[in-house]
Amino acid sequence: MTRGDRNRLVLAADGGGSKTDVVLLDTAGEVLAWERGTGSSPQIDGLAPSVRVIDGLVRRALGHRDPRDLDVVGLYLSGLDLAEEIAAFRAAIAPLPWSPGAIVENDLHALLRAGTDAPDAVAVICGTGMNAIGVRADGAQVRFPALGPLSGDWGGGAELGDAVVWHAARAEDGRGPHTLLVERLLAAVDASSVAALIEDVHLGRRPAQAFAALAPLLFEAAAAGDEVARQVVRRQADEVVAFVRACVDRLGLRAVELPVLFGGGVARGRDPLLLASIHAGLAEHAPSARLEIVDAPPVLGAALLVLDAAGAEATAKVRARDHLSSDLRHAAEPVVAR
């Protein structure tokens, strides 16, 4: 690789429901800038706000550099699940000086690349929402709409947080069994009762969207032996297994040894009951699959993808992986970040 090649610039972004990372690298794998901002999922925040977040972070990462010097730009965002959504995002960034030729894709591709370069693989992400992708060596893919309950989805941080409130409400008013979730919920949100919390949300005094941050309460209560919470955690494991089963069956990979990359804040929490239940489900429905938790920040996968596209050498990707995996200041994320 020549000196000129080493100095070519590439830029990668990974955006989810709670945070966005943008990294600027050269094709030798040196990280020149790493910027973090708020969430940028078009599905959650809207198209125009998403573009504003990405554009602001890109400009900060570039500093005084000329955006025309960028060799490859790759944007990997949650909420870009349909071809029409990807096309709309491309059109929205078209006027921006750094956007010509930009790769625009769903963030699952970044998770997949961060965890493996195996030709046959499945990735499941559990952050604010849940989604999955399956890939096969011949280029075939399985993807999902990931539009929440409308498309049959359940098990992301938002749904887990809703489950905390749902079960706590029923326990408090007598419709459901006793659960530790009541006291843990009230302590977390500083409310006098679950009924008061619900009234505040209904009347707009509290944001319902904040429920995603309650997901850790489920795992805490489950670890303390609360059966209501344990049932919800087992259901979440069933959803992970359902995604994997659908991918391997549709791709004809049931008998193939392949990695199942599990990413997002819930995965990195390594809840013992969740993982044991997933392993049991995989043993039944995808016995050749091996579960692997992705600890690296997803922007690592985005960076490797743009380095791939730029034709960077293997040593450059090793250098980028070492830097982006070891920077704990940036790697720390909320438990349900996606």
# chains A, B, ... in the order shown; residues from 1 in each chain; ligands from 1
$ select_by_dssp --residues "range 73-201 of chain A" --states "strand (DSSP E or B)" --output "PyMOL selection string"
chain A and resi 73-77+103-106+121-126+130-135+141-142
$ closest_atom_pairs --of "range 46-134 of chain A" --to "range 213-232 of chain A" --cutoff "12 Å" --atoms "only C-alpha atoms" --output "Markdown table"
| residue | atom | partner | partner_atom | distance |
| --- | --- | --- | --- | --- |
| A:Cys126 | CA | A:Ala215 | CA | 11.2 |
| A:Gly127 | CA | A:Ala215 | CA | 10.0 |
| A:Thr128 | CA | A:Ala213 | CA | 8.8 |
| A:Gly129 | CA | A:Ala215 | CA | 11.5 |
$ residues_around --residues "range 42-58 of chain A" --least-positions-apart "6" --cutoff "8 Å" --atoms "only C-alpha atoms" --output "list in words"
Ala13, Gly17, Thr20, Asp21, Val22, Glu35, Arg36, Ser78, Gly79, Leu80, Phe89, Ala92, Ile93 and Leu96 of chain A
$ closest_residue --among "A:Asn106, A:Thr27, A:Ser151, A:Ser41" --to "Asp71 in chain A" --atoms "only C-alpha atoms"
A:Thr27
$ residues_around --residues "range 309-318 of chain A" --least-positions-apart "5" --cutoff "8 Å" --atoms "only C-alpha atoms" --output "list of chain:residue names"
A:Met1, A:Val10, A:Thr27, A:Ala28, A:Gly29, A:Glu30, A:Asp71, A:Val72, A:Leu304
$ closest_residue --among "A:Pro272, A:Gly264, A:Gly155, A:Gly281" --to "Arg235 in chain A" --atoms "only C-alpha atoms"
A:Gly155
$ select_by_dssp --residues "range 123-332 of chain A" --states "helix (DSSP H, G or I)" --output "count of residues only"
127
$ closest_atom_pairs --of "range 67-121 of chain A" --to "range 134-148 of chain A" --cutoff "7 Å" --atoms "only C-alpha atoms" --output "tab-separated table"
residue	atom	partner	partner_atom	distance
A:Asp81	CA	A:Pro145	CA	5.6
A:Leu82	CA	A:Pro145	CA	6.5
A:Pro119	CA	A:Ala137	CA	4.5
A:Asp120	CA	A:Arg136	CA	4.4
A:Ala121	CA	A:Val135	CA	5.5
$ write_last_selection --atoms "N, CA and C atoms" --output "compact mmCIF listing (two decimals), in the first residue's frame"
# COMPACT_ATOMS: atom_id res chain seq x y z
N ASP A 81 -35.23 -0.31 7.61
CA ASP A 81 -35.54 -1.72 7.44
C ASP A 81 -36.14 -2.06 6.08
N LEU A 82 -36.69 -1.07 5.40
CA LEU A 82 -37.33 -1.28 4.11
C LEU A 82 -36.56 -0.55 3.02
N PRO A 119 -19.06 -16.55 6.11
CA PRO A 119 -20.00 -16.36 5.00
C PRO A 119 -21.43 -16.75 5.35
N ASP A 120 -21.60 -17.70 6.26
CA ASP A 120 -22.93 -18.08 6.76
C ASP A 120 -23.03 -17.62 8.21
N ALA A 121 -24.02 -16.78 8.51
CA ALA A 121 -24.12 -16.25 9.87
C ALA A 121 -25.49 -15.65 10.10
$ closest_residue --among "A:Ala118, A:Ile125, A:Ala212, A:Leu253" --to "Ser18 in chain A" --atoms "only C-alpha atoms"
A:Ala212
$ residues_around --residues "range 183-200 of chain A" --least-positions-apart "3" --cutoff "7 Å" --atoms "only C-alpha atoms" --output "MDAnalysis selection string"
chainID A and resid 168:169 180 203:206 217
$ write_last_selection --atoms "N, CA, C and O atoms" --output "mmCIF file, in the first residue's frame"
data_model
loop_
_atom_site.group_PDB
_atom_site.id
_atom_site.type_symbol
_atom_site.label_atom_id
_atom_site.label_comp_id
_atom_site.auth_asym_id
_atom_site.auth_seq_id
_atom_site.Cartn_x
_atom_site.Cartn_y
_atom_site.Cartn_z
ATOM 1 N N ALA A 168 -46.530 -4.657 36.771
ATOM 2 C CA ALA A 168 -46.626 -3.925 38.027
ATOM 3 C C ALA A 168 -48.034 -3.368 38.233
ATOM 4 O O ALA A 168 -48.569 -3.399 39.349
ATOM 5 N N ALA A 169 -48.635 -2.876 37.152
ATOM 6 C CA ALA A 169 -49.998 -2.345 37.257
ATOM 7 C C ALA A 169 -50.975 -3.426 37.685
ATOM 8 O O ALA A 169 -51.825 -3.211 38.566
ATOM 9 N N LEU A 180 -41.962 -8.383 42.437
ATOM 10 C CA LEU A 180 -40.994 -7.390 42.901
ATOM 11 C C LEU A 180 -40.911 -6.191 41.973
ATOM 12 O O LEU A 180 -40.340 -5.150 42.336
ATOM 13 N N LEU A 203 -51.677 11.582 30.898
ATOM 14 C CA LEU A 203 -51.954 13.022 30.806
ATOM 15 C C LEU A 203 -50.766 13.823 30.271
ATOM 16 O O LEU A 203 -50.818 15.051 30.226
ATOM 17 N N GLY A 204 -49.707 13.124 29.850
ATOM 18 C CA GLY A 204 -48.577 13.811 29.231
ATOM 19 C C GLY A 204 -47.579 14.417 30.192
ATOM 20 O O GLY A 204 -46.701 15.183 29.777
ATOM 21 N N ARG A 205 -47.682 14.087 31.471
ATOM 22 C CA ARG A 205 -46.736 14.652 32.431
ATOM 23 C C ARG A 205 -45.428 13.860 32.483
ATOM 24 O O ARG A 205 -44.439 14.335 33.029
ATOM 25 N N ARG A 206 -45.451 12.652 31.962
ATOM 26 C CA ARG A 206 -44.247 11.829 31.826
ATOM 27 C C ARG A 206 -44.222 11.237 30.425
ATOM 28 O O ARG A 206 -45.275 10.890 29.887
ATOM 29 N N LEU A 217 -34.733 -3.541 35.102
ATOM 30 C CA LEU A 217 -35.482 -3.953 36.282
ATOM 31 C C LEU A 217 -35.983 -5.383 36.156
ATOM 32 O O LEU A 217 -36.065 -6.114 37.146
#
$ atom_distance --atom1 "CA of Leu111 in chain A" --atom2 "CA of Pro298 in chain A"
5.3 Å
$ decode --residues "range 39-151 of chain A" --atoms "C-alpha atoms" --output "compact mmCIF listing (two decimals), in the first residue's frame"
# COMPACT_ATOMS: atom_id res chain seq x y z
CA GLY A 39 -29.98 8.58 18.66
CA SER A 40 -30.54 8.82 14.92
CA SER A 41 -33.05 6.12 14.06
CA PRO A 42 -35.35 7.54 11.36
CA GLN A 43 -38.08 5.20 12.60
CA ILE A 44 -37.95 6.65 16.12
CA ASP A 45 -36.78 10.23 15.61
CA GLY A 46 -38.03 11.00 12.10
CA LEU A 47 -36.11 11.39 8.84
CA ALA A 48 -35.11 15.07 9.11
CA PRO A 49 -33.92 14.87 12.75
CA SER A 50 -31.96 11.72 11.93
CA VAL A 51 -30.18 13.45 9.05
CA ARG A 52 -29.40 16.46 11.27
CA VAL A 53 -27.76 14.24 13.90
CA ILE A 54 -25.66 12.38 11.32
CA ASP A 55 -24.66 15.55 9.47
CA GLY A 56 -23.61 17.30 12.69
CA LEU A 57 -21.45 14.38 13.80
CA VAL A 58 -19.89 13.96 10.35
CA ARG A 59 -18.95 17.64 10.23
CA ARG A 60 -17.45 17.45 13.72
CA ALA A 61 -15.44 14.36 12.76
CA LEU A 62 -14.16 16.01 9.58
CA GLY A 63 -13.16 19.23 11.30
CA HIS A 64 -11.33 21.35 8.75
CA ARG A 65 -10.88 18.48 6.30
CA ASP A 66 -12.46 18.72 2.85
CA PRO A 67 -15.40 16.27 2.59
CA ARG A 68 -14.44 15.70 -1.04
CA ASP A 69 -11.38 13.84 0.25
CA LEU A 70 -13.57 11.05 1.62
CA ASP A 71 -13.00 7.85 -0.33
CA VAL A 72 -15.86 5.82 1.22
CA VAL A 73 -18.74 6.82 3.51
CA GLY A 74 -20.91 4.17 5.15
CA LEU A 75 -24.00 4.87 7.27
CA TYR A 76 -25.56 1.96 9.18
CA LEU A 77 -28.72 2.99 11.01
CA SER A 78 -31.49 1.24 12.87
CA GLY A 79 -34.91 2.04 11.46
CA LEU A 80 -33.77 1.59 7.87
CA ASP A 81 -35.54 -1.72 7.44
CA LEU A 82 -37.33 -1.28 4.11
CA ALA A 83 -35.90 -0.46 0.68
CA GLU A 84 -38.19 2.57 0.52
CA GLU A 85 -36.79 3.88 3.83
CA ILE A 86 -33.22 3.48 2.59
CA ALA A 87 -34.07 5.31 -0.64
CA ALA A 88 -35.71 8.14 1.31
CA PHE A 89 -32.64 8.52 3.53
CA ARG A 90 -30.32 8.61 0.51
CA ALA A 91 -32.46 11.33 -1.04
CA ALA A 92 -32.47 13.33 2.21
CA ILE A 93 -28.65 13.37 2.49
CA ALA A 94 -28.05 13.98 -1.23
CA PRO A 95 -27.51 17.78 -0.85
CA LEU A 96 -24.83 17.33 1.83
CA PRO A 97 -21.19 17.74 0.70
CA TRP A 98 -19.97 14.47 2.23
CA SER A 99 -22.78 12.26 0.85
CA PRO A 100 -21.93 11.41 -2.81
CA GLY A 101 -21.68 7.64 -3.15
CA ALA A 102 -22.46 7.02 0.51
CA ILE A 103 -23.42 3.47 1.49
CA VAL A 104 -26.70 3.50 3.42
CA GLU A 105 -27.83 0.33 5.20
CA ASN A 106 -29.42 -1.12 8.33
CA ASP A 107 -27.23 -1.28 11.44
CA LEU A 108 -27.50 -5.08 11.54
CA HIS A 109 -24.80 -5.20 8.86
CA ALA A 110 -22.45 -3.39 11.25
CA LEU A 111 -23.22 -5.82 14.08
CA LEU A 112 -22.64 -8.78 11.77
CA ARG A 113 -19.29 -7.44 10.54
CA ALA A 114 -18.15 -6.54 14.06
CA GLY A 115 -18.70 -10.11 15.18
CA THR A 116 -17.63 -12.27 12.25
CA ASP A 117 -16.55 -12.48 8.63
CA ALA A 118 -18.06 -15.97 8.27
CA PRO A 119 -20.00 -16.36 5.00
CA ASP A 120 -22.93 -18.08 6.76
CA ALA A 121 -24.12 -16.25 9.87
CA VAL A 122 -27.05 -14.83 11.79
CA ALA A 123 -27.11 -11.61 13.82
CA VAL A 124 -29.78 -10.66 16.34
CA ILE A 125 -29.82 -7.23 17.95
CA CYS A 126 -31.74 -6.34 21.06
CA GLY A 127 -31.62 -2.67 21.90
CA THR A 128 -34.52 -0.26 21.97
CA GLY A 129 -36.10 -2.67 19.46
CA MET A 130 -35.33 -6.12 18.11
CA ASN A 131 -34.24 -7.19 14.65
CA ALA A 132 -32.20 -9.88 12.92
CA ILE A 133 -30.46 -10.75 9.68
CA GLY A 134 -29.30 -14.04 8.20
CA VAL A 135 -26.69 -14.32 5.44
CA ARG A 136 -25.51 -17.22 3.29
CA ALA A 137 -22.27 -17.70 1.37
CA ASP A 138 -24.00 -17.30 -2.00
CA GLY A 139 -25.24 -13.81 -1.09
CA ALA A 140 -28.77 -14.76 -0.04
CA GLN A 141 -30.18 -12.83 2.92
CA VAL A 142 -33.12 -13.01 5.30
CA ARG A 143 -34.36 -9.70 6.69
CA PHE A 144 -37.38 -8.57 8.67
CA PRO A 145 -39.55 -5.43 8.55
CA ALA A 146 -38.84 -4.72 12.26
CA LEU A 147 -41.80 -2.37 12.61
CA GLY A 148 -42.70 -3.38 16.15
CA PRO A 149 -45.98 -5.10 17.01
CA LEU A 150 -47.29 -4.31 13.50
CA SER A 151 -44.81 -6.81 12.04
